[in-house]
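Enquirer: Below are the structure tokens for one structure; questions will follow.
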Amino acid sequence: MATDAESATDQRIVEHLAARLRRRQVVGSQQTALETVLVLRQVVSKARFSNIDQLVDVIRSVGRKLVEAQPKEYTVGNTVRKVLHHIREEYHTASRGTVAPVSSKPTFSIAKFVSQGQPRKQTASQRTPNEIRGIFRENDPDDPDAFAKALKPVFMEAIQDVLDELETVYDNVSKNAKDHIHSDEIILTIGKSSTVEAFLKAAASHRKYTVIVADTAPSYSGRGMALSLSSSGISTVLVPDSSVYGLMSRINKVVLGAHAILANGGMFATTGSLLAATAARAHSTPVVVCSGQFKLTPQWNLYHEYGALDFADPSGVLGFEEGDLVDKVDVVNPYYDYVRPEMIDAYITNDGDHPPSSVYRLIKEAYDDEDYEL
């Protein structure tokens with residue numbers, strides 16, 4: 001009975017977060033990622049499993065429910081993949097000390113490197129299933145919980161590592177801000193991004209520069225960004241979106257935030273980012289993107305024009321008070337733009353700076369291939 005009650009409680013926790021995601025009561029990449037990790041931590045802490053495959057199935061089933069509730073919040077799926085990767089690493093690390101690998105010298109080939117990315121330091125494929133079962137008594141009929149009792153503390157630490165990374169992402173992204181922004185530069189940014197905001201404020205303690213913020217209609221989130229930067233003592237100018245191209249000849253650098261970074265090096269970003277990146281490309285102005293690595297997603301944007309096919313209320317662009325005009329036009333108000341990789345010069349992440357061409361390698365290192373589809 002206690003087990004059924006715990007299972008029902010876990011189910012309610014997952015359904016509660018899924019409902020909040022569906023209603024957009026949880027928004028923002030970092031917030032959705034944090035909520036996902038907290039739910040996964042609670043589920044794993046109460047889960048019963050006799051082997052690693054059962055635990056992976058539990059986490060995947062939770063991940064599928066959350067992703068289906070809000071497919072446009074890519075950090076939900078990314079966080080589930082990251083947790084699975086850490087749990088597998090801890091499992092293989094714990095089992096490595098007792099079992100000798102079948103092959104003492106791993107084979108390496110250029111073909112394998114190209115197809116699979118950088119080789120990982122795990123030897124799961126070098127052990128037989130029977131050997132691994134013997135270490136932690138997997139599927140033990142006498143004590144089905146033996147495996148969970150032995151390794152659950154280690155798995156909880158792995159989840160805590162993911163949580164710690166998310167909580168410190170702003171500090172780690174902005175720690176080298178002074179190396180990217182120089183004195184008397186004029187920086188352009190679009191809308192309000194917490195990562196970009198922390199990055200610019202960190203640079204302001206070492207450099208004096210000016211930030212031009214586009215107001216990002218119709219959400220006008222840039223106004224909040226401009227107010228926050230100016231209250232921190234940064235010289236800030238708020239301009240309409242239509243002024244971006246005209247001002248670009250005076251801009252030294254464009255700094256953007258990202259909603260999701262795709263496997264081909266492109267990204268989904270707030271509406272207006274494509275406008276700024278296109279203008280910057282015409283004037284050969286560098287474009288850098290500040291983002292945590294939890295936004296890396298193993299997906300591509302090849303088949304649709306509007307970023308993420310996610311649309312906001314069109315009344316923000318053209319209200320019903322316009323009368324006859326509303327019936328004669330189709331109004332599109334996308335949440336995000338898709339910015340192609342060739343328009344981006346560098347990604348500034350919590351694990352260093354990377355060109356768009358290296359994003360596929362980062363994804364290979366961050367997630368396991370079998371988790372690309374949850």
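Chains: A, B, ... in order of the structure tokens. Residues: from 1 per chain. Ligands: from 1, in order shown.
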Just asking: which residues within stretch 289-348 of chain A are strand (DSSP E or B) according to DSSP, as a list in words?
Expert: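 Put together, the selection reads Val289, Cys290, Leu296, Gly307, Ala308, Leu309, Asp310, Phe311, Pro334, Tyr335, Tyr336, Asp337, Tyr338, Val339, Ala346, Tyr347 and Ile348 of chain A.
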Enquirer: Write out the residues from the selection above, keeping N, CA and C atoms, as a CSV table (one decimal), in the first residue's frame.
Expert:
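Final output, saved to result-v8.csv:
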chain,number,residue,atom,x,y,z
A,289,VAL,N,26.4,35.1,-28.8
A,289,VAL,CA,25.2,34.7,-28.1
A,289,VAL,C,25.7,34.2,-26.7
A,290,CYS,N,25.0,34.7,-25.7
A,290,CYS,CA,25.3,34.2,-24.3
A,290,CYS,C,24.2,33.2,-23.9
A,296,LEU,N,21.5,23.5,-25.2
A,296,LEU,CA,21.9,22.7,-26.3
A,296,LEU,C,20.8,21.6,-26.5
A,307,GLY,N,10.5,30.4,-36.2
A,307,GLY,CA,11.2,29.7,-35.2
A,307,GLY,C,10.3,29.0,-34.3
A,308,ALA,N,10.5,27.7,-34.2
A,308,ALA,CA,9.7,26.8,-33.2
A,308,ALA,C,8.3,26.7,-33.5
A,309,LEU,N,7.8,27.3,-34.6
A,309,LEU,CA,6.3,27.3,-34.9
A,309,LEU,C,5.5,27.6,-33.6
A,310,ASP,N,6.0,28.6,-32.8
A,310,ASP,CA,5.3,29.0,-31.6
A,310,ASP,C,4.9,30.4,-31.8
A,311,PHE,N,3.6,30.7,-31.6
A,311,PHE,CA,3.0,32.0,-31.9
A,311,PHE,C,2.3,32.6,-30.7
A,334,PRO,N,5.1,35.5,-34.1
A,334,PRO,CA,5.9,34.4,-33.6
A,334,PRO,C,6.6,34.8,-32.3
A,335,TYR,N,6.7,33.8,-31.4
A,335,TYR,CA,7.5,34.0,-30.2
A,335,TYR,C,9.0,34.2,-30.5
A,336,TYR,N,9.5,33.3,-31.4
A,336,TYR,CA,10.9,33.2,-31.6
A,336,TYR,C,11.3,33.3,-33.1
A,337,ASP,N,12.5,33.8,-33.3
A,337,ASP,CA,13.1,33.8,-34.6
A,337,ASP,C,14.1,32.6,-34.7
A,338,TYR,N,14.2,32.0,-35.9
A,338,TYR,CA,15.3,31.1,-36.1
A,338,TYR,C,16.5,31.8,-36.8
A,339,VAL,N,17.6,31.8,-36.1
A,339,VAL,CA,18.8,32.5,-36.6
A,339,VAL,C,19.8,31.4,-37.1
A,346,ALA,N,30.0,33.5,-32.4
A,346,ALA,CA,30.4,32.7,-31.3
A,346,ALA,C,29.3,32.5,-30.2
A,347,TYR,N,29.4,31.4,-29.5
A,347,TYR,CA,28.5,31.1,-28.4
A,347,TYR,C,29.4,31.3,-27.1
A,348,ILE,N,28.9,32.1,-26.2
A,348,ILE,CA,29.6,32.2,-24.9
A,348,ILE,C,28.8,31.4,-23.9
Enquirer: Using only C-alpha atoms, which residues sit within 12 Å of stretch 165-169 of chain A once same-chain residues fewer than 2 positions away are excluded, as number ranges by chain?
Expert: A: 29-38, 75, 78-79, 82-83, 158-163, 171-175, 194-196, 198-199, 290-295, 348-352
Enquirer: Could you pull out all residues of stretch 174-350 of chain A with a DSSP call of alpha helix (DSSP H) and give them as a PyMOL selection string?
Expert: chain A and resi 174+194-204+221-231+244-247+273-282
Enquirer: Pull C-alpha atoms from the residues just selected and write them as a CSV table (one decimal), in the first residue's frame.
Expert:
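The result, written out as again_3.csv:
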chain,number,residue,atom,x,y,z
A,174,SER,CA,29.6,36.1,-17.3
A,194,SER,CA,18.6,37.1,-17.9
A,195,THR,CA,21.9,35.6,-19.2
A,196,VAL,CA,22.7,38.6,-21.3
A,197,GLU,CA,21.7,40.9,-18.5
A,198,ALA,CA,24.1,39.1,-16.1
A,199,PHE,CA,26.9,39.2,-18.8
A,200,LEU,CA,26.6,42.9,-19.4
A,201,LYS,CA,26.4,43.8,-15.7
A,202,ALA,CA,29.6,41.7,-15.0
A,203,ALA,CA,31.4,43.5,-17.8
A,204,ALA,CA,30.3,46.9,-16.4
A,221,SER,CA,10.5,43.2,-23.1
A,222,GLY,CA,13.4,45.5,-24.0
A,223,ARG,CA,12.0,48.2,-21.8
A,224,GLY,CA,12.5,46.1,-18.7
A,225,MET,CA,16.1,45.2,-19.9
A,226,ALA,CA,16.9,48.9,-20.4
A,227,LEU,CA,15.6,49.8,-17.0
A,228,SER,CA,17.6,47.1,-15.3
A,229,LEU,CA,20.8,48.0,-17.0
A,230,SER,CA,20.5,51.7,-16.4
A,231,SER,CA,19.7,51.1,-12.7
A,244,VAL,CA,18.3,48.7,-35.6
A,245,TYR,CA,19.5,48.7,-39.2
A,246,GLY,CA,20.2,52.5,-39.2
A,247,LEU,CA,22.2,52.3,-36.0
A,273,SER,CA,17.0,38.6,-33.1
A,274,LEU,CA,16.9,37.7,-36.8
A,275,LEU,CA,16.5,41.4,-37.7
A,276,ALA,CA,19.5,42.3,-35.6
A,277,ALA,CA,21.7,39.4,-36.9
A,278,THR,CA,20.8,40.2,-40.5
A,279,ALA,CA,21.7,43.9,-40.1
A,280,ALA,CA,24.9,42.9,-38.3
A,281,ARG,CA,25.9,40.6,-41.2
A,282,ALA,CA,25.3,43.4,-43.7
Enquirer: Excluding same-chain residues fewer than 6 positions from A:Thr189, what lies within 7 Å of it counting only C-alpha atoms, as an mmCIF file with all heavy atoms, in the first residue's frame?
Expert:
data_model
loop_
_atom_site.group_PDB
_atom_site.id
_atom_site.type_symbol
_atom_site.label_atom_id
_atom_site.label_comp_id
_atom_site.auth_asym_id
_atom_site.auth_seq_id
_atom_site.Cartn_x
_atom_site.Cartn_y
_atom_site.Cartn_z
ATOM 1 N N ILE A 212 22.750 49.682 -26.417
ATOM 2 C CA ILE A 212 21.520 50.071 -27.108
ATOM 3 C C ILE A 212 20.577 48.869 -27.061
ATOM 4 O O ILE A 212 20.934 47.771 -27.489
ATOM 5 C CB ILE A 212 21.806 50.489 -28.567
ATOM 6 C CG1 ILE A 212 22.679 51.741 -28.584
ATOM 7 C CG2 ILE A 212 20.508 50.729 -29.325
ATOM 8 C CD1 ILE A 212 23.064 52.208 -29.971
ATOM 9 N N VAL A 213 19.384 49.078 -26.532
ATOM 10 C CA VAL A 213 18.406 48.008 -26.370
ATOM 11 C C VAL A 213 17.213 48.276 -27.279
ATOM 12 O O VAL A 213 16.596 49.342 -27.200
ATOM 13 C CB VAL A 213 17.928 47.904 -24.905
ATOM 14 C CG1 VAL A 213 16.978 46.717 -24.743
ATOM 15 C CG2 VAL A 213 19.106 47.770 -23.954
ATOM 16 N N ALA A 214 16.911 47.318 -28.158
ATOM 17 C CA ALA A 214 15.701 47.419 -28.976
ATOM 18 C C ALA A 214 14.504 47.023 -28.125
ATOM 19 O O ALA A 214 14.567 46.050 -27.367
ATOM 20 C CB ALA A 214 15.811 46.515 -30.202
ATOM 21 N N VAL A 254 27.032 42.826 -31.379
ATOM 22 C CA VAL A 254 25.653 42.463 -31.050
ATOM 23 C C VAL A 254 25.703 41.290 -30.078
ATOM 24 O O VAL A 254 26.351 40.273 -30.348
ATOM 25 C CB VAL A 254 24.854 42.077 -32.314
ATOM 26 C CG1 VAL A 254 23.438 41.636 -31.941
ATOM 27 C CG2 VAL A 254 24.797 43.253 -33.282
ATOM 28 N N VAL A 255 25.031 41.431 -28.936
ATOM 29 C CA VAL A 255 24.991 40.383 -27.912
ATOM 30 C C VAL A 255 23.542 39.925 -27.768
ATOM 31 O O VAL A 255 22.670 40.714 -27.412
ATOM 32 C CB VAL A 255 25.534 40.885 -26.560
ATOM 33 C CG1 VAL A 255 25.482 39.770 -25.518
ATOM 34 C CG2 VAL A 255 26.957 41.398 -26.706
ATOM 35 N N LEU A 256 23.297 38.659 -28.054
ATOM 36 C CA LEU A 256 21.943 38.108 -28.025
ATOM 37 C C LEU A 256 21.829 36.982 -27.010
ATOM 38 O O LEU A 256 22.822 36.354 -26.646
ATOM 39 C CB LEU A 256 21.562 37.563 -29.415
ATOM 40 C CG LEU A 256 21.591 38.549 -30.590
ATOM 41 C CD1 LEU A 256 21.301 37.811 -31.891
ATOM 42 C CD2 LEU A 256 20.600 39.688 -30.380
#
Enquirer: Please, what distance in Å, to one decimal, runs between atom CA of A:Asp215 and atom CA of A:Pro240?
Expert: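 Taking atom CA of A:Asp215 and atom CA of A:Pro240, their separation equals 5.5 Å.
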Enquirer: I need the residue nearest A:Glu370 from this list: A:Ala258, A:Ala19, A:Val56, A:Ala94. Use only C-alpha atoms for the distance.
Expert: A:Val56
Enquirer: Which is closer to A:Phe155 than all the others in A:Leu40, A:Val239, A:Ile234, A:Val331, using only C-alpha atoms?
Expert: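 The closest residue to A:Phe155 is A:Leu40.
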Enquirer: Could you tell me which of A:Gly257, A:Gly272, A:Gly316, A:Gly77 comes closest to A:Leu374 if we count only C-alpha atoms?
Expert: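 Smallest separation from A:Leu374 among the options: A:Gly77.
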Enquirer: Here is a test: counting only C-alpha atoms, which residue of A:Glu321, A:Asp330, A:Asp345, A:Glu73 is nearest to A:Lys253?
Expert: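 When distances to A:Lys253 are compared using only C-alpha atoms, the smallest one comes from A:Asp345.
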Enquirer: Find, counting only C-alpha atoms, the residue in A:Ala269, A:Val26, A:Leu84, A:Val44 that gets nearest to A:Leu151.
Expert: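 When distances to A:Leu151 are compared using only C-alpha atoms, the smallest one comes from A:Val44.
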Enquirer: Just the number, please: distance in Å from atom CA of A:Thr271 to atom CA of A:Glu373, one decimal.
Expert: 27.6 Å
Enquirer: Choose the residue, out of A:Ser232, A:Ser193, A:Asn333, A:Thr285, that has the smallest atom-to-atom separation from A:Asp313; count only C-alpha atoms.
Expert: A:Asn333
Enquirer: State, in Å with one decimal place, the distance from atom CA of A:Pro218 to atom CA of A:Asn264.
Expert: 29.1 Å
